[in-house]
Amino acid sequence: MRHLLSITDLRPAEVEAIFSITRDLKSKHAEGLREPLLPGRVMALLFEKPSLRTRVSFESGMIQLGGGSLFLTEDSGFNSQRESLADFGRVLSQFVDVIVVRAKAHKTVEELARHSACAVINGLTDLCHPCQALADLYTLQELVGPLAGQRLTYIGDANNVARSLLELCGYLGVKFVMATPSNYQFAPEELTKLRRLIPGLDITVTTDPRSAVRGAAAVYTDVWTSMGQEAESTQRRADFAAYQVNAALLQAAPEAYFMHCLPAHRGEEVTDEVIDGPRSIVVQQAGNRLHVQKGILAWLLSRG
């Protein structure tokens, strides 16, 4: 049984296969066609955290592919005292064809997948956000063409989004440059492990955002305080104050697009002038969540 819990569950050729399906489905969508590749298939969504883009793009995508979806709330017993996660997964996976999980802890998704008879997709955990990264790099590819040799600059902490972007950049030959305070970087042992898994990984880490953005095809940022870190927000605002993506910073990257996974904290990690400006591609990036989720579902479920 294949699952998509992290980017490293895929091989580079499989990423290209998902992108190819996505391009085809997006082209047909623009012509008004909704190709029913998954008639009768059912998707369950289990979300422990709030969501707009992940939930709606997956639900809409499955419906457009001819299937249906179930959004299960707390009364289903997911990750509760009502029954073990193993029993929950064994039973639920007999009723549906695929489960999308947005969980607080990555180990929750891993355990559910171990006991699931159907495919499980990670819709976000504290460790990684693979579906977001796939949509991000797909979007950049649409705009700049072949990604190999391009440079993506990420400004922010080593969070789940950054981790999946780094992994996918390594697969696709994209140089990943990260600007972040020294105490918010990836742990050295984690980078060592990732380099073993992804020989093409090319990462530069700096505390200087201005040098980081030079030569970038895209400048990407995320909120300074992610969900679950609210108690650290005052300290994080102070630590990242010099890392805001604003017009002055983008002057050092005249060819770069601006990217953000949304939702954005305007006035913190990015200014209105940048996120609403002509180089911002955040709306296209968010819209592509729909098309890439369809590509993921069609690729994963066509494998039987």
# chains A, B, ... in the order shown; residues from 1 in each chain; ligands from 1
$ residues_around --residues "Ala117 (chain A)" --least-positions-apart "3" --cutoff "9 Å" --atoms "only C-alpha atoms" --output "ChimeraX atom specification"
/A:1,89-94,97,113-114
$ write_last_selection --atoms "all heavy atoms" --output "short mmCIF file (atom, residue, chain, number, x, y, z; two decimals), in the first residue's frame"
data_model
loop_
_atom_site.label_atom_id
_atom_site.label_comp_id
_atom_site.auth_asym_id
_atom_site.auth_seq_id
_atom_site.Cartn_x
_atom_site.Cartn_y
_atom_site.Cartn_z
N MET A 1 0.85 -1.20 0.00
CA MET A 1 0.00 0.00 0.00
C MET A 1 0.88 1.25 0.00
O MET A 1 1.75 1.40 0.84
CB MET A 1 -0.90 0.00 1.24
CG MET A 1 -1.78 1.24 1.39
SD MET A 1 -2.85 1.48 -0.02
CE MET A 1 -3.79 -0.05 0.00
N GLY A 89 -8.26 3.14 12.41
CA GLY A 89 -7.75 3.07 11.05
C GLY A 89 -8.14 1.79 10.33
O GLY A 89 -8.47 1.82 9.13
N ARG A 90 -8.09 0.68 11.05
CA ARG A 90 -8.45 -0.61 10.43
C ARG A 90 -9.89 -0.59 9.92
O ARG A 90 -10.20 -1.14 8.86
CB ARG A 90 -8.27 -1.74 11.43
CG ARG A 90 -6.84 -2.05 11.81
CD ARG A 90 -6.77 -3.29 12.70
NE ARG A 90 -5.43 -3.49 13.24
CZ ARG A 90 -5.11 -3.31 14.51
NH1 ARG A 90 -6.03 -2.93 15.39
NH2 ARG A 90 -3.87 -3.51 14.92
N VAL A 91 -10.78 0.01 10.71
CA VAL A 91 -12.20 0.03 10.34
C VAL A 91 -12.47 1.07 9.25
O VAL A 91 -13.07 0.76 8.22
CB VAL A 91 -13.07 0.30 11.58
CG1 VAL A 91 -14.54 0.46 11.17
CG2 VAL A 91 -12.93 -0.84 12.58
N LEU A 92 -12.02 2.31 9.49
CA LEU A 92 -12.31 3.38 8.52
C LEU A 92 -11.80 3.03 7.13
O LEU A 92 -12.48 3.28 6.11
CB LEU A 92 -11.68 4.70 8.99
CG LEU A 92 -11.84 5.88 8.03
CD1 LEU A 92 -13.32 6.25 7.86
CD2 LEU A 92 -11.04 7.09 8.51
N SER A 93 -10.63 2.43 7.05
CA SER A 93 -10.02 2.17 5.74
C SER A 93 -10.74 1.07 4.96
O SER A 93 -10.43 0.84 3.79
CB SER A 93 -8.54 1.83 5.92
OG SER A 93 -8.37 0.66 6.70
N GLN A 94 -11.68 0.37 5.61
CA GLN A 94 -12.51 -0.59 4.85
C GLN A 94 -13.70 0.11 4.19
O GLN A 94 -14.33 -0.43 3.29
CB GLN A 94 -13.05 -1.68 5.79
CG GLN A 94 -11.97 -2.56 6.38
CD GLN A 94 -12.56 -3.63 7.29
OE1 GLN A 94 -13.06 -4.65 6.79
NE2 GLN A 94 -12.55 -3.36 8.58
N ASP A 97 -11.65 4.81 0.19
CA ASP A 97 -10.53 4.47 -0.70
C ASP A 97 -9.25 5.23 -0.36
O ASP A 97 -8.16 4.84 -0.76
CB ASP A 97 -10.92 4.76 -2.14
CG ASP A 97 -12.11 3.93 -2.59
OD1 ASP A 97 -11.93 2.73 -2.81
OD2 ASP A 97 -13.22 4.49 -2.68
N ALA A 113 -1.44 5.27 9.14
CA ALA A 113 -1.05 4.62 7.88
C ALA A 113 -0.64 3.16 8.12
O ALA A 113 -0.93 2.29 7.29
CB ALA A 113 0.10 5.39 7.23
N ARG A 114 0.03 2.91 9.24
CA ARG A 114 0.46 1.52 9.52
C ARG A 114 -0.73 0.57 9.63
O ARG A 114 -0.62 -0.61 9.32
CB ARG A 114 1.25 1.48 10.84
CG ARG A 114 2.71 1.80 10.71
CD ARG A 114 3.50 1.33 11.92
NE ARG A 114 3.06 1.95 13.16
CZ ARG A 114 3.48 3.12 13.60
NH1 ARG A 114 4.36 3.80 12.89
NH2 ARG A 114 3.05 3.61 14.73
#
$ closest_atom_pairs --of "region 77-184 of chain A" --to "region 231-240 of chain A" --cutoff "9 Å" --atoms "only C-alpha atoms" --output "tab-separated table"
residue	atom	partner	partner_atom	distance
A:Gly156	CA	A:Phe240	CA	7.7
A:Asp157	CA	A:Phe240	CA	8.9
A:Thr180	CA	A:Phe240	CA	7.7
A:Pro181	CA	A:Asp239	CA	7.1
$ write_last_selection --atoms "all heavy atoms" --output "compact mmCIF listing (two decimals), in the first residue's frame"
# COMPACT_ATOMS: atom_id res chain seq x y z
N GLY A 156 12.47 32.28 6.84
CA GLY A 156 11.64 31.86 7.96
C GLY A 156 12.29 30.72 8.70
O GLY A 156 13.44 30.36 8.42
N ASP A 157 11.55 30.13 9.62
CA ASP A 157 12.14 29.08 10.45
C ASP A 157 12.06 27.72 9.75
O ASP A 157 11.36 27.56 8.74
CB ASP A 157 11.47 29.03 11.83
CG ASP A 157 10.02 28.59 11.76
OD1 ASP A 157 9.39 28.78 10.72
OD2 ASP A 157 9.53 28.05 12.76
N THR A 180 17.46 32.67 8.08
CA THR A 180 16.77 32.51 9.35
C THR A 180 17.75 32.76 10.49
O THR A 180 18.96 32.56 10.32
CB THR A 180 16.18 31.08 9.46
OG1 THR A 180 15.34 30.99 10.60
CG2 THR A 180 17.27 30.03 9.53
N PRO A 181 17.26 33.21 11.64
CA PRO A 181 18.17 33.34 12.79
C PRO A 181 18.80 32.00 13.13
O PRO A 181 18.23 30.93 12.86
CB PRO A 181 17.24 33.82 13.91
CG PRO A 181 16.07 34.45 13.22
CD PRO A 181 15.90 33.69 11.95
$ residues_around --residues "Gly149 (chain A)" --least-positions-apart "3" --cutoff "8 Å" --atoms "only C-alpha atoms" --output "ChimeraX atom specification"
/A:173-175
$ write_last_selection --atoms "C-alpha atoms" --output "short mmCIF file (atom, residue, chain, number, x, y, z; two decimals), in the first residue's frame"
data_model
loop_
_atom_site.label_atom_id
_atom_site.label_comp_id
_atom_site.auth_asym_id
_atom_site.auth_seq_id
_atom_site.Cartn_x
_atom_site.Cartn_y
_atom_site.Cartn_z
CA GLY A 173 17.61 20.08 -8.73
CA VAL A 174 16.59 23.42 -7.20
CA LYS A 175 19.07 25.22 -4.96
#
$ residues_around --residues "Ala17 (chain A)" --least-positions-apart "4" --cutoff "10 Å" --atoms "only C-alpha atoms" --output "ChimeraX atom specification"
/A:11-13,21-23,295-296,299
$ write_last_selection --atoms "C-alpha atoms" --output "JSON list (two decimals), in the first residue's frame"
[["chain", "number", "residue", "atom", "x", "y", "z"],
["A", 11, "ARG", "CA", 10.76, 9.12, -6.11],
["A", 12, "PRO", "CA", 11.73, 12.06, -8.35],
["A", 13, "ALA", "CA", 10.19, 10.35, -11.40],
["A", 21, "ILE", "CA", -1.27, 14.36, -14.57],
["A", 22, "THR", "CA", -1.81, 17.74, -12.95],
["A", 23, "ARG", "CA", -0.97, 19.63, -16.16],
["A", 295, "GLY", "CA", -2.96, 14.91, -9.65],
["A", 296, "ILE", "CA", -2.00, 13.27, -6.35],
["A", 299, "TRP", "CA", -1.79, 9.06, -9.39]]
$ closest_residue --among "A:Gln284, A:Ser211, A:Gln185, A:Ser27" --to "Ala252 (chain A)" --atoms "only C-alpha atoms"
A:Ser211
$ residues_around --residues "Ser84 (chain A)" --least-positions-apart "5" --cutoff "12 Å" --atoms "only C-alpha atoms" --output "MDAnalysis selection string"
chainID A and resid 77:79 89:91 108 111:112 115
$ residues_around --residues "Thr204 (chain A)" --least-positions-apart "5" --cutoff "12 Å" --atoms "only C-alpha atoms" --output "count of residues only"
20
$ select_by_dssp --residues "region 72-239 of chain A" --states "strand (DSSP E or B)" --output "PyMOL selection string"
chain A and resi 72+98-102+119-124+151-155+175-179+203-206+218-221
$ closest_residue --among "A:Leu65, A:Ile7, A:Ala44, A:Ala241" --to "Glu268 (chain A)" --atoms "only C-alpha atoms"
A:Ala241
$ residues_around --residues "Ser20 (chain A)" --least-positions-apart "5" --cutoff "10 Å" --atoms "only C-alpha atoms" --output "number ranges by chain"
A: 14-15, 25-26, 138, 292, 295, 299
$ closest_residue --among "A:Val56, A:Met43, A:Ala256, A:Ile203" --to "Gly68 (chain A)" --atoms "only C-alpha atoms"
A:Met43
$ closest_residue --among "A:Tyr171, A:Tyr184, A:Phe95, A:Phe58" --to "Asn122 (chain A)" --atoms "only C-alpha atoms"
A:Phe58
$ closest_atom_pairs --of "region 61-168 of chain A" --to "region 46-52 of chain A" --cutoff "12 Å" --atoms "only C-alpha atoms" --output "JSON lines"
{"residue": "A:Ser69", "atom": "CA", "partner": "A:Leu46", "partner_atom": "CA", "distance": 11.0}
{"residue": "A:Leu70", "atom": "CA", "partner": "A:Leu46", "partner_atom": "CA", "distance": 8.9}
{"residue": "A:Phe71", "atom": "CA", "partner": "A:Leu46", "partner_atom": "CA", "distance": 6.6}
{"residue": "A:Leu72", "atom": "CA", "partner": "A:Leu46", "partner_atom": "CA", "distance": 5.6}
{"residue": "A:Thr73", "atom": "CA", "partner": "A:Leu46", "partner_atom": "CA", "distance": 7.0}
{"residue": "A:Glu74", "atom": "CA", "partner": "A:Glu48", "partner_atom": "CA", "distance": 8.6}
{"residue": "A:Asp75", "atom": "CA", "partner": "A:Leu46", "partner_atom": "CA", "distance": 11.1}
{"residue": "A:Ser76", "atom": "CA", "partner": "A:Leu46", "partner_atom": "CA", "distance": 9.2}
{"residue": "A:Gly77", "atom": "CA", "partner": "A:Leu46", "partner_atom": "CA", "distance": 10.2}
{"residue": "A:Phe78", "atom": "CA", "partner": "A:Leu46", "partner_atom": "CA", "distance": 7.3}
{"residue": "A:Asn79", "atom": "CA", "partner": "A:Glu48", "partner_atom": "CA", "distance": 9.0}
{"residue": "A:Ser80", "atom": "CA", "partner": "A:Glu48", "partner_atom": "CA", "distance": 11.0}
{"residue": "A:Phe88", "atom": "CA", "partner": "A:Leu46", "partner_atom": "CA", "distance": 11.6}
{"residue": "A:Gly89", "atom": "CA", "partner": "A:Leu46", "partner_atom": "CA", "distance": 11.1}
{"residue": "A:Leu92", "atom": "CA", "partner": "A:Leu46", "partner_atom": "CA", "distance": 10.9}
{"residue": "A:Val98", "atom": "CA", "partner": "A:Leu46", "partner_atom": "CA", "distance": 11.0}
{"residue": "A:Ile99", "atom": "CA", "partner": "A:Leu46", "partner_atom": "CA", "distance": 7.4}
{"residue": "A:Val100", "atom": "CA", "partner": "A:Leu46", "partner_atom": "CA", "distance": 6.2}
{"residue": "A:Val101", "atom": "CA", "partner": "A:Leu46", "partner_atom": "CA", "distance": 4.8}
{"residue": "A:Arg102", "atom": "CA", "partner": "A:Phe47", "partner_atom": "CA", "distance": 4.5}
{"residue": "A:Ala103", "atom": "CA", "partner": "A:Glu48", "partner_atom": "CA", "distance": 5.1}
{"residue": "A:Lys104", "atom": "CA", "partner": "A:Glu48", "partner_atom": "CA", "distance": 6.3}
{"residue": "A:Ala105", "atom": "CA", "partner": "A:Glu48", "partner_atom": "CA", "distance": 9.5}
{"residue": "A:His106", "atom": "CA", "partner": "A:Glu48", "partner_atom": "CA", "distance": 11.7}
{"residue": "A:Thr108", "atom": "CA", "partner": "A:Glu48", "partner_atom": "CA", "distance": 10.5}
{"residue": "A:Val109", "atom": "CA", "partner": "A:Leu46", "partner_atom": "CA", "distance": 10.1}
{"residue": "A:Leu112", "atom": "CA", "partner": "A:Leu46", "partner_atom": "CA", "distance": 10.9}
{"residue": "A:Val120", "atom": "CA", "partner": "A:Leu46", "partner_atom": "CA", "distance": 10.6}
{"residue": "A:Ile121", "atom": "CA", "partner": "A:Leu46", "partner_atom": "CA", "distance": 10.4}
{"residue": "A:Asn122", "atom": "CA", "partner": "A:Leu46", "partner_atom": "CA", "distance": 10.1}
{"residue": "A:Gly123", "atom": "CA", "partner": "A:Phe47", "partner_atom": "CA", "distance": 8.3}
{"residue": "A:Leu124", "atom": "CA", "partner": "A:Lys49", "partner_atom": "CA", "distance": 8.8}
{"residue": "A:Thr125", "atom": "CA", "partner": "A:Lys49", "partner_atom": "CA", "distance": 9.2}
{"residue": "A:Asp126", "atom": "CA", "partner": "A:Lys49", "partner_atom": "CA", "distance": 10.7}
$ atom_distance --atom1 "CA of Thr207 (chain A)" --atom2 "CA of Val270 (chain A)"
17.4 Å
$ atom_distance --atom1 "CA of Gly67 (chain A)" --atom2 "CA of Gly287 (chain A)"
20.2 Å
$ decode --residues "region 205-222 of chain A" --atoms "N, CA and C atoms" --output "short mmCIF file (atom, residue, chain, number, x, y, z; two decimals), in the first residue's frame"
data_model
loop_
_atom_site.label_atom_id
_atom_site.label_comp_id
_atom_site.auth_asym_id
_atom_site.auth_seq_id
_atom_site.Cartn_x
_atom_site.Cartn_y
_atom_site.Cartn_z
N VAL A 205 22.45 28.00 4.12
CA VAL A 205 21.75 28.65 5.23
C VAL A 205 22.53 29.88 5.66
N THR A 206 21.82 30.98 5.84
CA THR A 206 22.46 32.23 6.23
C THR A 206 21.55 33.00 7.20
N THR A 207 22.14 33.91 7.92
CA THR A 207 21.34 34.81 8.77
C THR A 207 21.11 36.15 8.07
N ASP A 208 21.57 36.26 6.83
CA ASP A 208 21.47 37.53 6.09
C ASP A 208 20.42 37.41 4.98
N PRO A 209 19.21 37.94 5.18
CA PRO A 209 18.17 37.79 4.16
C PRO A 209 18.51 38.48 2.84
N ARG A 210 19.25 39.58 2.89
CA ARG A 210 19.55 40.32 1.66
C ARG A 210 20.47 39.50 0.75
N SER A 211 21.46 38.88 1.31
CA SER A 211 22.34 38.03 0.47
C SER A 211 21.58 36.78 0.01
N ALA A 212 20.64 36.30 0.82
CA ALA A 212 19.92 35.07 0.48
C ALA A 212 19.04 35.24 -0.76
N VAL A 213 18.47 36.40 -0.97
CA VAL A 213 17.52 36.56 -2.07
C VAL A 213 18.19 36.84 -3.41
N ARG A 214 19.47 37.16 -3.42
CA ARG A 214 20.14 37.50 -4.69
C ARG A 214 20.14 36.28 -5.62
N GLY A 215 19.68 36.51 -6.85
CA GLY A 215 19.67 35.44 -7.85
C GLY A 215 18.50 34.49 -7.73
N ALA A 216 17.56 34.77 -6.83
CA ALA A 216 16.45 33.84 -6.59
C ALA A 216 15.41 33.93 -7.71
N ALA A 217 14.88 32.75 -8.08
CA ALA A 217 13.72 32.73 -8.97
C ALA A 217 12.45 33.01 -8.18
N ALA A 218 12.47 32.67 -6.91
CA ALA A 218 11.32 32.92 -6.04
C ALA A 218 11.81 33.17 -4.62
N VAL A 219 11.13 34.09 -3.96
CA VAL A 219 11.36 34.35 -2.53
C VAL A 219 10.10 33.90 -1.80
N TYR A 220 10.27 32.97 -0.88
CA TYR A 220 9.14 32.32 -0.21
C TYR A 220 9.23 32.62 1.28
N THR A 221 8.11 32.96 1.89
CA THR A 221 8.11 33.10 3.34
C THR A 221 6.85 32.49 3.92
N ASP A 222 6.85 32.33 5.22
CA ASP A 222 5.72 31.74 5.95
C ASP A 222 5.56 32.54 7.24
#
